[in-house]
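Quick look at input00.pdb (PDB, C-alpha atoms):
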ATOM      1  CA  MET P  77      36.937  11.987  31.863
ATOM      2  CA  ALA P  78      35.394   8.779  30.484
ATOM      3  CA  THR P  79      31.724   8.139  31.061
ATOM      4  CA  ARG P  80      31.134   5.287  33.492
ATOM      5  CA  PHE P  81      28.029   3.133  33.153
ATOM      6  CA  THR P  82      27.192  -0.537  32.793
ATOM      7  CA  LEU P  83      25.168  -2.525  30.286
ATOM      8  CA  ARG P  84      23.048  -3.703  33.195
ATOM      9  CA  GLN P  85      22.067  -0.098  33.940
ATOM     10  CA  LEU P  86      21.118   0.355  30.291
ATOM     11  CA  GLU P  87      19.001  -2.820  30.454
ATOM     12  CA  TYR P  88      17.102  -1.438  33.442
ATOM     13  CA  PHE P  89      16.583   1.902  31.698
ATOM     14  CA  VAL P  90      15.300   0.210  28.513
ATOM     15  CA  ALA P  91      12.892  -1.912  30.555
ATOM     16  CA  VAL P  92      11.375   1.156  32.224
ATOM     17  CA  GLY P  93      11.223   2.966  28.887
ATOM     18  CA  GLU P  94       9.330   0.062  27.330
ATOM     19  CA  PHE P  95       6.953  -0.712  30.214
ATOM     20  CA  GLY P  96       6.311   2.842  31.380
ATOM     21  CA  SER P  97       6.882   2.364  35.087
ATOM     22  CA  ILE P  98       9.522   1.102  37.492
ATOM     23  CA  ALA P  99       7.001  -1.221  39.153
ATOM     24  CA  GLU P 100       6.066  -2.892  35.861
ATOM     25  CA  ALA P 101       9.707  -3.175  34.781
ATOM     26  CA  SER P 102      10.593  -4.655  38.170
ATOM     27  CA  GLU P 103       7.952  -7.359  37.762
ATOM     28  CA  ARG P 104       8.920  -8.173  34.182
ATOM     29  CA  ILE P 105      12.699  -8.431  34.653
ATOM     30  CA  ASN P 106      12.610  -9.585  38.295
ATOM     31  CA  ILE P 107      14.804  -6.788  39.647
ATOM     32  CA  SER P 108      13.922  -4.738  42.727
ATOM     33  CA  PRO P 109      12.480  -1.243  42.128
ATOM     34  CA  PRO P 110      15.229   0.485  44.182
ATOM     35  CA  SER P 111      17.902  -1.126  41.980
ATOM     36  CA  ILE P 112      16.170   0.050  38.826
ATOM     37  CA  SER P 113      15.598   3.539  40.207
ATOM     38  CA  ALA P 114      19.250   3.810  41.260
ATOM     39  CA  ALA P 115      20.422   2.720  37.793
ATOM     40  CA  ILE P 116      18.296   5.393  36.077
ATOM     41  CA  SER P 117      19.466   8.084  38.498
ATOM     42  CA  HIS P 118      23.077   7.069  37.846
ATOM     43  CA  LEU P 119      22.602   7.318  34.078
ATOM     44  CA  GLU P 120      20.951  10.738  34.363
ATOM     45  CA  GLN P 121      23.722  12.001  36.606
ATOM     46  CA  GLU P 122      26.512  10.472  34.536
ATOM     47  CA  PHE P 123      25.258  11.862  31.225
ATOM     48  CA  GLY P 124      23.857  15.081  32.646
ATOM     49  CA  ILE P 125      20.410  14.677  31.076
ATOM     50  CA  GLN P 126      16.869  14.031  32.246
ATOM     51  CA  LEU P 127      15.578  10.752  30.809
ATOM     52  CA  PHE P 128      12.117  10.653  32.373
ATOM     53  CA  VAL P 129       9.420  12.992  33.580
ATOM     54  CA  ARG P 130       8.116  11.679  36.904
ATOM     55  CA  GLN P 131       4.327  11.635  37.011
ATOM     56  CA  HIS P 132       2.927  10.186  40.227
ATOM     57  CA  ALA P 133      -0.374   9.038  38.732
ATOM     58  CA  GLN P 134       0.819   7.950  35.275
ATOM     59  CA  GLY P 135       4.244   6.572  36.169
ATOM     60  CA  LEU P 136       7.206   7.708  34.064
ATOM     61  CA  SER P 137       7.219   9.344  30.640
ATOM     62  CA  LEU P 138      10.314   9.577  28.470
ATOM     63  CA  THR P 139      11.552  13.078  27.706
ATOM     64  CA  PRO P 140      12.296  13.836  24.023
ATOM     65  CA  GLY P 141      15.970  13.300  24.818
ATOM     66  CA  GLY P 142      15.070  10.147  26.712
ATOM     67  CA  ARG P 143      13.392   8.712  23.614
ATOM     68  CA  ARG P 144      16.552   9.320  21.575
ATOM     69  CA  PHE P 145      18.651   7.821  24.362
ATOM     70  CA  LEU P 146      16.365   4.764  24.438
ATOM     71  CA  ARG P 147      16.869   4.066  20.734
ATOM     72  CA  ARG P 148      20.649   4.259  21.075
ATOM     73  CA  ALA P 149      20.635   2.171  24.266
ATOM     74  CA  ARG P 150      18.674  -0.588  22.513
ATOM     75  CA  SER P 151      21.160  -0.550  19.658
ATOM     76  CA  LEU P 152      24.091  -0.798  22.064
ATOM     77  CA  LEU P 153      22.484  -3.713  23.920
ATOM     78  CA  ASP P 154      21.841  -5.476  20.616
ATOM     79  CA  GLN P 155      25.512  -5.076  19.707
ATOM     80  CA  ALA P 156      26.556  -6.413  23.100
ATOM     81  CA  GLY P 157      24.259  -9.395  22.600
ATOM     82  CA  ALA P 158      25.851 -10.029  19.208
ATOM     83  CA  LEU P 159      29.271 -10.110  20.878
ATOM     84  CA  HIS P 160      27.998 -12.751  23.310
ATOM     85  CA  GLU P 161      26.673 -14.801  20.401
ATOM     86  CA  LEU P 162      29.973 -14.437  18.532
ATOM     87  CA  ALA P 163      31.909 -15.573  21.591
ATOM     88  CA  SER P 164      29.593 -18.559  21.959
ATOM     89  CA  ASP P 165      30.106 -19.505  18.319
ATOM     90  CA  ILE P 166      33.883 -19.197  18.629
ATOM     91  CA  ALA P 167      33.911 -21.336  21.750
ATOM     92  CA  GLU P 168      31.159 -23.608  20.346
ATOM     93  CA  ARG P 169      29.264 -23.103  23.581
ATOM     94  CA  VAL P 170      25.544 -22.588  24.006
ATOM     95  CA  SER P 171      25.317 -19.448  26.109
ATOM     96  CA  GLY P 172      23.927 -15.949  26.122
ATOM     97  CA  PRO P 173      20.425 -14.645  25.447
ATOM     98  CA  ILE P 174      17.694 -16.155  23.300
ATOM     99  CA  THR P 175      14.100 -14.991  22.983
ATOM    100  CA  ILE P 176      11.661 -17.746  22.067
ATOM    101  CA  GLY P 177       8.174 -16.988  20.808
ATOM    102  CA  SER P 178       5.212 -19.311  21.103
ATOM    103  CA  LEU P 179       1.646 -19.189  19.898
ATOM    104  CA  THR P 180      -0.594 -18.546  22.904
ATOM    105  CA  THR P 181      -2.557 -21.768  22.420
ATOM    106  CA  LEU P 182       0.618 -23.871  22.271
ATOM    107  CA  ALA P 183       2.719 -22.198  24.959
ATOM    108  CA  PRO P 184       1.146 -23.663  28.149
ATOM    109  CA  LEU P 185       1.511 -27.210  26.839
ATOM    110  CA  VAL P 186       4.679 -27.232  24.757
ATOM    111  CA  MET P 187       6.991 -24.637  26.263
ATOM    112  CA  PRO P 188       7.431 -25.752  29.932
ATOM    113  CA  GLU P 189       8.805 -29.191  29.015
ATOM    114  CA  LEU P 190      10.977 -27.771  26.229
ATOM    115  CA  LEU P 191      12.390 -25.056  28.488
ATOM    116  CA  GLN P 192      13.158 -27.514  31.256
ATOM    117  CA  ALA P 193      15.075 -29.761  28.851
ATOM    118  CA  TYR P 194      16.852 -26.822  27.192
ATOM    119  CA  GLN P 195      17.997 -25.186  30.414
ATOM    120  CA  ARG P 196      19.165 -28.491  31.860
ATOM    121  CA  ARG P 197      21.340 -29.083  28.802
ATOM    122  CA  TYR P 198      22.510 -25.483  28.434
ATOM    123  CA  PRO P 199      22.561 -23.738  31.825
ATOM    124  CA  ASP P 200      24.528 -20.782  30.423
ATOM    125  CA  ALA P 201      21.714 -19.841  28.017
ATOM    126  CA  ARG P 202      19.470 -16.962  29.146
ATOM    127  CA  VAL P 203      15.974 -17.660  27.883
ATOM    128  CA  THR P 204      13.067 -15.255  27.514
ATOM    129  CA  VAL P 205       9.681 -16.582  26.375
ATOM    130  CA  VAL P 206       7.154 -14.418  24.530
ATOM    131  CA  GLU P 207       3.561 -15.632  24.098
ATOM    132  CA  ALA P 208       1.525 -14.024  21.321
ATOM    133  CA  ASN P 209      -1.021 -14.649  18.604
ATOM    134  CA  GLN P 210       0.212 -15.491  15.116
ATOM    135  CA  VAL P 211       0.068 -11.949  13.735
ATOM    136  CA  ASP P 212       2.031 -10.529  16.669
ATOM    137  CA  LEU P 213       4.583 -13.362  16.554
ATOM    138  CA  ILE P 214       5.298 -12.611  12.907
ATOM    139  CA  THR P 215       5.735  -8.913  13.680
ATOM    140  CA  LYS P 216       8.058  -9.629  16.608
ATOM    141  CA  MET P 217      10.261 -11.902  14.482
ATOM    142  CA  GLN P 218      10.455  -9.267  11.744
ATOM    143  CA  ARG P 219      11.429  -6.634  14.335
ATOM    144  CA  ALA P 220      14.116  -8.949  15.790
ATOM    145  CA  GLU P 221      12.288  -9.008  19.126
ATOM    146  CA  VAL P 222      11.984 -12.810  18.897
ATOM    147  CA  ASP P 223      14.721 -15.148  17.645
ATOM    148  CA  VAL P 224      12.685 -18.278  16.954
ATOM    149  CA  SER P 225       9.059 -19.323  17.430
ATOM    150  CA  ILE P 226       7.047 -22.474  17.971
ATOM    151  CA  THR P 227       3.897 -21.905  15.966
ATOM    152  CA  TYR P 228       1.655 -23.025  13.105
ATOM    153  CA  ASP P 229       1.991 -22.710   9.343
ATOM    154  CA  LEU P 230      -0.591 -19.934   9.212
ATOM    155  CA  GLU P 231      -0.105 -17.099   6.695
ATOM    156  CA  LEU P 232       3.663 -16.889   7.156
ATOM    157  CA  PRO P 233       5.305 -14.243   4.921
ATOM    158  CA  GLN P 234       8.113 -15.020   2.496
ATOM    159  CA  ASP P 235      10.831 -13.607   4.755
ATOM    160  CA  ILE P 236      10.128 -16.194   7.497
ATOM    161  CA  ALA P 237      11.432 -19.743   7.233
ATOM    162  CA  PHE P 238       9.176 -22.473   8.602
ATOM    163  CA  GLU P 239      10.177 -26.058   9.332
ATOM    164  CA  PRO P 240       7.150 -28.316   9.955
ATOM    165  CA  LEU P 241       7.590 -30.902  12.708
ATOM    166  CA  ALA P 242       4.134 -32.443  13.258
ATOM    167  CA  GLN P 243       0.559 -32.341  11.991
ATOM    168  CA  LEU P 244      -2.421 -31.597  14.229
ATOM    169  CA  PRO P 245      -5.820 -32.460  12.717
ATOM    170  CA  PRO P 246      -8.973 -30.732  13.982
ATOM    171  CA  PHE P 247     -11.053 -32.251  16.774
ATOM    172  CA  ALA P 248     -14.437 -31.464  18.250
ATOM    173  CA  ILE P 249     -14.521 -30.931  22.011
ATOM    174  CA  PHE P 250     -17.641 -31.498  24.143
ATOM    175  CA  SER P 251     -18.867 -31.387  27.714
ATOM    176  CA  SER P 252     -19.341 -34.801  29.323
ATOM    177  CA  ASP P 253     -23.141 -34.517  29.027
ATOM    178  CA  HIS P 254     -23.289 -33.192  25.460
ATOM    179  CA  PRO P 255     -25.492 -35.352  23.168
ATOM    180  CA  LEU P 256     -22.487 -36.039  20.904
ATOM    181  CA  ALA P 257     -19.996 -36.702  23.703
ATOM    182  CA  GLY P 258     -20.011 -40.464  23.176
ATOM    183  CA  SER P 259     -19.316 -40.306  19.433
ATOM    184  CA  GLU P 260     -16.209 -42.045  18.084
ATOM    185  CA  SER P 261     -16.151 -39.359  15.383
ATOM    186  CA  VAL P 262     -18.450 -36.536  14.348
ATOM    187  CA  ALA P 263     -19.348 -34.812  11.079
ATOM    188  CA  LEU P 264     -19.455 -31.031  10.665
ATOM    189  CA  GLU P 265     -22.903 -31.456   9.125
ATOM    190  CA  THR P 266     -24.057 -32.780  12.507
ATOM    191  CA  LEU P 267     -22.254 -30.124  14.563
ATOM    192  CA  VAL P 268     -23.928 -27.143  12.849
ATOM    193  CA  ASP P 269     -27.184 -28.010  14.613
ATOM    194  CA  TYR P 270     -25.555 -27.251  17.996
ATOM    195  CA  PRO P 271     -24.175 -24.043  19.596
ATOM    196  CA  TYR P 272     -20.484 -23.433  18.835
ATOM    197  CA  VAL P 273     -17.799 -21.909  21.090
ATOM    198  CA  PHE P 274     -15.448 -20.184  18.638
ATOM    199  CA  LEU P 275     -11.679 -19.845  19.235
ATOM    200  CA  ASP P 276     -11.376 -16.270  17.998
ATOM    201  CA  LEU P 277      -7.670 -15.661  17.370
ATOM    202  CA  PRO P 278      -6.089 -13.859  14.399
ATOM    203  CA  LEU P 279      -5.570 -16.308  11.489
ATOM    204  CA  SER P 280      -6.736 -19.255  13.609
ATOM    205  CA  ARG P 281     -10.286 -17.952  13.244
ATOM    206  CA  GLU P 282      -9.997 -18.072   9.456
ATOM    207  CA  TYR P 283      -8.746 -21.653   9.616
ATOM    208  CA  PHE P 284     -11.667 -22.897  11.717
ATOM    209  CA  LEU P 285     -14.295 -20.979   9.730
ATOM    210  CA  SER P 286     -12.848 -22.395   6.504
ATOM    211  CA  LEU P 287     -13.655 -25.911   7.698
ATOM    212  CA  PHE P 288     -17.349 -25.000   7.544
ATOM    213  CA  GLN P 289     -17.179 -22.730   4.516
ATOM    214  CA  ASN P 290     -15.469 -25.354   2.343
ATOM    215  CA  ARG P 291     -18.514 -27.588   2.893
ATOM    216  CA  GLY P 292     -21.093 -24.865   2.444
ATOM    217  CA  LEU P 293     -21.931 -24.858   6.152
ATOM    218  CA  ARG P 294     -22.452 -22.073   8.684
ATOM    219  CA  PRO P 295     -21.815 -22.670  12.397
ATOM    220  CA  MET P 296     -24.195 -21.421  15.086
ATOM    221  CA  ILE P 297     -21.718 -19.348  17.137
ATOM    222  CA  ALA P 298     -22.844 -19.033  20.766
ATOM    223  CA  ALA P 299     -19.653 -17.604  22.298
ATOM    224  CA  ARG P 300     -16.221 -16.348  21.252
ATOM    225  CA  THR P 301     -12.937 -16.333  23.127
ATOM    226  CA  PRO P 302      -9.257 -15.853  22.202
ATOM    227  CA  HIS P 303      -8.150 -18.062  25.108
ATOM    228  CA  MET P 304      -7.926 -21.856  24.960
ATOM    229  CA  HIS P 305      -8.475 -22.227  28.729
ATOM    230  CA  MET P 306     -11.656 -20.165  28.492
ATOM    231  CA  LEU P 307     -12.864 -22.204  25.527
ATOM    232  CA  ARG P 308     -12.407 -25.431  27.470
ATOM    233  CA  SER P 309     -14.298 -24.025  30.458
ATOM    234  CA  LEU P 310     -17.160 -22.732  28.308
ATOM    235  CA  VAL P 311     -17.410 -26.107  26.582
ATOM    236  CA  ALA P 312     -17.208 -28.042  29.864
ATOM    237  CA  ASN P 313     -20.124 -25.992  31.203
ATOM    238  CA  GLY P 314     -22.356 -26.767  28.242
ATOM    239  CA  ILE P 315     -22.244 -23.426  26.421
ATOM    240  CA  GLY P 316     -21.478 -25.294  23.203
ATOM    241  CA  TYR P 317     -19.002 -27.559  21.454
ATOM    242  CA  GLY P 318     -15.587 -26.329  20.309
ATOM    243  CA  LEU P 319     -13.115 -27.067  17.529
ATOM    244  CA  VAL P 320      -9.421 -27.370  18.376
ATOM    245  CA  ASN P 321      -6.214 -28.907  17.051
ATOM    246  CA  ILE P 322      -4.736 -29.442  20.508
ATOM    247  CA  ARG P 323      -5.641 -32.229  22.904
ATOM    248  CA  SER P 324      -3.913 -31.762  26.237
ATOM    249  CA  ARG P 325      -3.079 -34.717  28.451
ATOM    250  CA  ASN P 326      -5.339 -33.198  31.095
ATOM    251  CA  ARG P 327      -8.957 -33.864  30.089
ATOM    252  CA  LYS P 328     -10.351 -31.351  32.553
ATOM    253  CA  ALA P 329     -11.168 -27.688  32.039
ATOM    254  CA  PRO P 330      -9.630 -25.111  34.426
ATOM    255  CA  ASP P 331     -12.730 -25.313  36.649
ATOM    256  CA  GLY P 332     -12.291 -29.092  37.039
ATOM    257  CA  LYS P 333     -15.107 -30.224  34.757
ATOM    258  CA  GLU P 334     -14.408 -32.883  32.142
ATOM    259  CA  VAL P 335     -14.130 -32.322  28.397
ATOM    260  CA  ILE P 336     -14.306 -35.026  25.739
ATOM    261  CA  TYR P 337     -12.704 -35.038  22.285
ATOM    262  CA  ALA P 338     -13.876 -36.629  19.035
ATOM    263  CA  PRO P 339     -12.133 -36.515  15.629
ATOM    264  CA  LEU P 340     -13.918 -34.909  12.715
ATOM    265  CA  GLU P 341     -15.191 -37.180   9.967
ATOM    266  CA  GLY P 342     -13.758 -36.393   6.556
ATOM    267  CA  ASP P 343     -10.564 -34.983   5.138
ATOM    268  CA  TYR P 344      -9.522 -31.639   6.607
ATOM    269  CA  ARG P 345      -6.273 -29.733   6.363
ATOM    270  CA  PRO P 346      -4.369 -30.203   9.631
ATOM    271  CA  MET P 347      -2.449 -27.472  11.367
ATOM    272  CA  GLU P 348       1.299 -27.974  11.115
ATOM    273  CA  ILE P 349       3.317 -27.139  14.210
ATOM    274  CA  GLY P 350       6.944 -26.237  13.633
ATOM    275  CA  ILE P 351       9.860 -23.816  13.991
ATOM    276  CA  ALA P 352       9.686 -20.322  12.501
ATOM    277  CA  ALA P 353      12.515 -17.779  12.199
ATOM    278  CA  MET P 354      13.661 -15.013   9.879
ATOM    279  CA  LYS P 355      15.390 -16.304   6.743
ATOM    280  CA  SER P 356      17.946 -13.507   6.751
ATOM    281  CA  GLU P 357      19.225 -14.161  10.263
ATOM    282  CA  ARG P 358      22.572 -15.740  11.009
ATOM    283  CA  TYR P 359      21.535 -18.190  13.680
ATOM    284  CA  SER P 360      23.652 -18.322  16.825
ATOM    285  CA  ARG P 361      24.701 -21.619  18.377
ATOM    286  CA  THR P 362      22.169 -20.918  21.139
ATOM    287  CA  HIS P 363      19.415 -20.596  18.530
ATOM    288  CA  GLN P 364      20.574 -23.713  16.674
ATOM    289  CA  ALA P 365      20.601 -25.733  19.896
ATOM    290  CA  PHE P 366      16.972 -24.828  20.585
ATOM    291  CA  GLU P 367      15.928 -25.864  17.080
ATOM    292  CA  GLU P 368      17.779 -29.175  17.515
ATOM    293  CA  LEU P 369      15.878 -29.787  20.748
ATOM    294  CA  CYS P 370      12.565 -29.039  19.028
ATOM    295  CA  ARG P 371      13.335 -31.519  16.243
ATOM    296  CA  SER P 372      14.022 -34.258  18.757
ATOM    297  CA  SER P 373      10.987 -33.416  20.928
ATOM    298  CA  ILE P 374       8.176 -32.634  18.471
ATOM    299  CA  SER P 375       6.904 -35.181  15.932
ATOM    300  CA  ASN P 376       3.745 -36.961  14.849
ATOM    301  CA  THR P 377       4.443 -39.563  17.537
ATOM    302  CA  GLY P 378       4.841 -37.163  20.452
ATOM    303  CA  ILE P 379       4.546 -33.487  21.399
ATOM    304  CA  PRO P 380       5.201 -32.111  24.905
ATOM    305  CA  GLY P 381       1.996 -31.672  26.875
ATOM    306  CA  MET P 382      -0.260 -33.187  24.210
ATOM    307  CA  ASP P 383      -2.201 -36.423  23.779
ATOM    308  CA  LEU P 384      -1.717 -37.753  20.238
ATOM    309  CA  SER P 385      -3.335 -41.165  20.815
TER     310      SER P 385
END
Take the structure in the file and write it out as structure tokens.
Amino acid sequence: MATRFTLRQLEYFVAVGEFGSIAEASERINISPPSISAAISHLEQEFGIQLFVRQHAQGLSLTPGGRRFLRRARSLLDQAGALHELASDIAERVSGPITIGSLTTLAPLVMPELLQAYQRRYPDARVTVVEANQVDLITKMQRAEVDVSITYDLELPQDIAFEPLAQLPPFAIFSSDHPLAGSESVALETLVDYPYVFLDLPLSREYFLSLFQNRGLRPMIAARTPHMHMLRSLVANGIGYGLVNIRSRNRKAPDGKEVIYAPLEGDYRPMEIGIAAMKSERYSRTHQAFEELCRSSISNTGIPGMDLS
């Protein structure tokens, strides 16, 4: 008798296997816990195997057989996704799944407007967004966990293609009552006399430190954070100045206090924002459509969520 199961049941099983609990999987994929639990029970009954060990305190743990089943289930779902992409290409329709990565500092500003435009144009596309630092984004693209990313030209390996779309020069950011807040521009030589709030992200940190090192300077680091929102709040509350490449349209920190930007004096390498994807991939029509949208939406004259004036 043929085994009866659905790809949807496999998707639910893979989600639980990856997140370690039904509750976490339910939140991530927006499916009710009873539906996920029923799907796993059906798979275990249909195949006659135990996939998970139920542990009340620690959630669910995959059995050795469950781990093997998870690898094969992922492969089957990938093949099913490829069939969707093939059908879309044949019909020249933009539909099916796409996973879009975005650098954590860019995502809150750039992605909402892009996603709104993309989903309005292509309602049959199923979009998942992954936010990560640069190192993790690269890894996820190499593992085929992300199809395409909006990110910077920071230490990209040879197997990833990058198309630059706009340049973002560095700016200093101050609280409204900082002594340098009224400056039309500011020199790094002046900034080193003040406390510095350091955006401490993989690869980004090397970029910002290089601005000082190339001029033989050493910043006086007062605080570190990997989060742009936290940096803006620390700066707004007078902990120190910051250095960023992103100026949002909203000039207030998350706590409502004002921040002020000033360009750096001198010639500094800008960050380049663009599209990154694996060179070896055969891009689906869904992927191509997203890249086309990015090209029309991101340039030196305008970027979603940002002030380029």
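Across the structure, CA of Arg202 (chain P) and CA of Gly172 (chain P) are spaced 5.5 Å apart.
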Excluding Ile322 (chain P) and any residue of its chain fewer than 5 positions from it, enumerate the residues within 8 Å of it, using only C-alpha atoms, and give them as a list in words. Leu182, Leu244, Pro246, Phe247 and Met382 of chain P
Using only C-alpha atoms, the best pick from P:Ile112, P:Leu159, P:Leu232, P:Val268 as closest to Ser360 (chain P) would be P:Leu159
For Asp223 (chain P), which residue out of P:Arg300, P:Arg148, P:Arg294, P:Lys355 is the nearest one, using all atoms listed in the file?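 Going through P:Arg300, P:Arg148, P:Arg294, P:Lys355 one by one, the smallest distance to Asp223 (chain P) is for P:Lys355.
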Residue nearest Val205 (chain P) - candidates P:Pro339, P:Gln126, P:Phe288, P:Arg104, atoms counted: only C-alpha atoms: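 Residue with the minimum atom-to-atom distance to Val205 (chain P): P:Arg104.
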Excluding Met354 (chain P) and any residue of its chain fewer than 2 positions from it, enumerate the residues within 8 Å of it, using all atoms listed in the file, and give them as a PyMOL selection string. chain P and resi 217-218+223-224+235-237+352+356-357
As a check of understanding: the span from CA of Leu241 (chain P) to CA of Ser373 (chain P) is 9.2 Å
Shell of 7 Å around region 185-194 of chain P, only C-alpha atoms, local chain residues under 2 positions omitted, as a PyMOL selection string: chain P and resi 182-183+196-198+366+380-382
Restricting the calculation to all atoms listed in the file: of P:Thr362, P:Leu230, P:Glu94, P:Gln121, which residue gets closest to Arg143 (chain P)?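 Ranking P:Thr362, P:Leu230, P:Glu94, P:Gln121 by distance to Arg143 (chain P), first place goes to P:Glu94.
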To box region 332-337 of chain P, take all atoms listed in the file, fit an axis-aligned box, add 6 Å on each side, and give centre and edge lengths in Å to one decimal, as JSON.
{"center_x": -13.7, "center_y": -32.1, "center_z": 29.7, "size_x": 14.8, "size_y": 17.9, "size_z": 26.8}
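As for CA of Leu287 (chain P) and CA of Glu334 (chain P), they are spaced 25.4 Å apart.
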Measuring atom to atom with only C-alpha atoms, identify which of P:Ala338, P:Met304, P:Met347, P:Ile226 is nearest to Ile249 (chain P).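 Of the candidates, the smallest distance to Ile249 (chain P) is held by P:Ala338.
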Exactly which residues make up the result of the PyMOL selection byres ((chain P and resi 113) around 12) on this file, given as a PDB file with C-alpha atoms, in the coordinates of the input?
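Ended up saving to expr-v5.pdb:
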ATOM      1  CA  GLN P  85      22.067  -0.098  33.940  1.00  0.00           C
ATOM      2  CA  LEU P  86      21.118   0.355  30.291  1.00  0.00           C
ATOM      3  CA  TYR P  88      17.102  -1.438  33.442  1.00  0.00           C
ATOM      4  CA  PHE P  89      16.583   1.902  31.698  1.00  0.00           C
ATOM      5  CA  ALA P  91      12.892  -1.912  30.555  1.00  0.00           C
ATOM      6  CA  VAL P  92      11.375   1.156  32.224  1.00  0.00           C
ATOM      7  CA  SER P  97       6.882   2.364  35.087  1.00  0.00           C
ATOM      8  CA  ILE P  98       9.522   1.102  37.492  1.00  0.00           C
ATOM      9  CA  ALA P  99       7.001  -1.221  39.153  1.00  0.00           C
ATOM     10  CA  ALA P 101       9.707  -3.175  34.781  1.00  0.00           C
ATOM     11  CA  SER P 102      10.593  -4.655  38.170  1.00  0.00           C
ATOM     12  CA  ILE P 107      14.804  -6.788  39.647  1.00  0.00           C
ATOM     13  CA  SER P 108      13.922  -4.738  42.727  1.00  0.00           C
ATOM     14  CA  PRO P 109      12.480  -1.243  42.128  1.00  0.00           C
ATOM     15  CA  PRO P 110      15.229   0.485  44.182  1.00  0.00           C
ATOM     16  CA  SER P 111      17.902  -1.126  41.980  1.00  0.00           C
ATOM     17  CA  ILE P 112      16.170   0.050  38.826  1.00  0.00           C
ATOM     18  CA  ALA P 114      19.250   3.810  41.260  1.00  0.00           C
ATOM     19  CA  ALA P 115      20.422   2.720  37.793  1.00  0.00           C
ATOM     20  CA  ILE P 116      18.296   5.393  36.077  1.00  0.00           C
ATOM     21  CA  SER P 117      19.466   8.084  38.498  1.00  0.00           C
ATOM     22  CA  HIS P 118      23.077   7.069  37.846  1.00  0.00           C
ATOM     23  CA  LEU P 119      22.602   7.318  34.078  1.00  0.00           C
ATOM     24  CA  GLU P 120      20.951  10.738  34.363  1.00  0.00           C
ATOM     25  CA  LEU P 127      15.578  10.752  30.809  1.00  0.00           C
ATOM     26  CA  PHE P 128      12.117  10.653  32.373  1.00  0.00           C
ATOM     27  CA  ARG P 130       8.116  11.679  36.904  1.00  0.00           C
ATOM     28  CA  LEU P 136       7.206   7.708  34.064  1.00  0.00           C
TER      29      LEU P 136
END
Starting from the shown file, work through the PyMOL selection byres ((chain P and resi 83) around 9) and note down what comes out as a PyMOL selection string. chain P and resi 81-82+84-88+149+152-153+156
Can you pull out the residues contacting Thr175 (chain P)? Cut-off 8 Å, using all atoms listed in the file, and skip same-chain residues under 2 positions away; I want them as a compact mmCIF listing (two decimals) with C-alpha atoms, in the frame of the given file.
# COMPACT_ATOMS: atom_id res chain seq x y z
CA PRO P 173 20.42 -14.64 25.45
CA GLY P 177 8.17 -16.99 20.81
CA VAL P 203 15.97 -17.66 27.88
CA THR P 204 13.07 -15.26 27.51
CA VAL P 205 9.68 -16.58 26.38
CA VAL P 206 7.15 -14.42 24.53
CA GLU P 221 12.29 -9.01 19.13
CA VAL P 222 11.98 -12.81 18.90
CA ASP P 223 14.72 -15.15 17.64
CA VAL P 224 12.68 -18.28 16.95
Counting all atoms listed in the file, which of P:Glu260, P:Asp212, P:Glu265, P:Asp343 gets nearest to Leu279 (chain P)?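 Checking each of P:Glu260, P:Asp212, P:Glu265, P:Asp343 against Leu279 (chain P), counting all atoms listed in the file, the winner is P:Asp212.
Listed by chain and then by number, the residues chosen by the PyMOL selection byres ((chain P and resi 349) around 6) in this file are P:Thr227, P:Tyr228, P:Pro240, P:Leu241, P:Ala242, P:Glu348, P:Gly350.
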Taking (-17.8, -33.5, 14.0) as a centre in this file's frame and 6 Å as the limit, can you find every polymer residue with an atom that close, using only C-alpha atoms, and give them as an mmCIF file with C-alpha atoms, keeping the file's coordinate frame?
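Everything below was put into part-v8.cif:
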data_model
loop_
_atom_site.group_PDB
_atom_site.id
_atom_site.type_symbol
_atom_site.label_atom_id
_atom_site.label_comp_id
_atom_site.auth_asym_id
_atom_site.auth_seq_id
_atom_site.Cartn_x
_atom_site.Cartn_y
_atom_site.Cartn_z
ATOM 1 C CA ALA P 248 -14.437 -31.464 18.250
ATOM 2 C CA VAL P 262 -18.450 -36.536 14.348
ATOM 3 C CA ALA P 263 -19.348 -34.812 11.079
ATOM 4 C CA LEU P 264 -19.455 -31.031 10.665
ATOM 5 C CA LEU P 267 -22.254 -30.124 14.563
ATOM 6 C CA LEU P 340 -13.918 -34.909 12.715
#
Would you list the contacts of His254 (chain P) as a list in words, taking every protein, DNA or RNA residue within 12 Å and counting all atoms listed in the file, but skipping same-chain residues closer than 2 positions in sequence?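 After dropping sequence-adjacent residues, the list is Ala248, Ile249, Phe250, Ser251, Ser252, Leu256, Ala257, Gly258, Ser259, Leu267, Tyr270, Pro271, Val311, Ala312, Asn313, Gly314, Ile315, Gly316, Tyr317, Gly318, Glu334, Val335, Ile336, Tyr337 and Ala338 of chain P.
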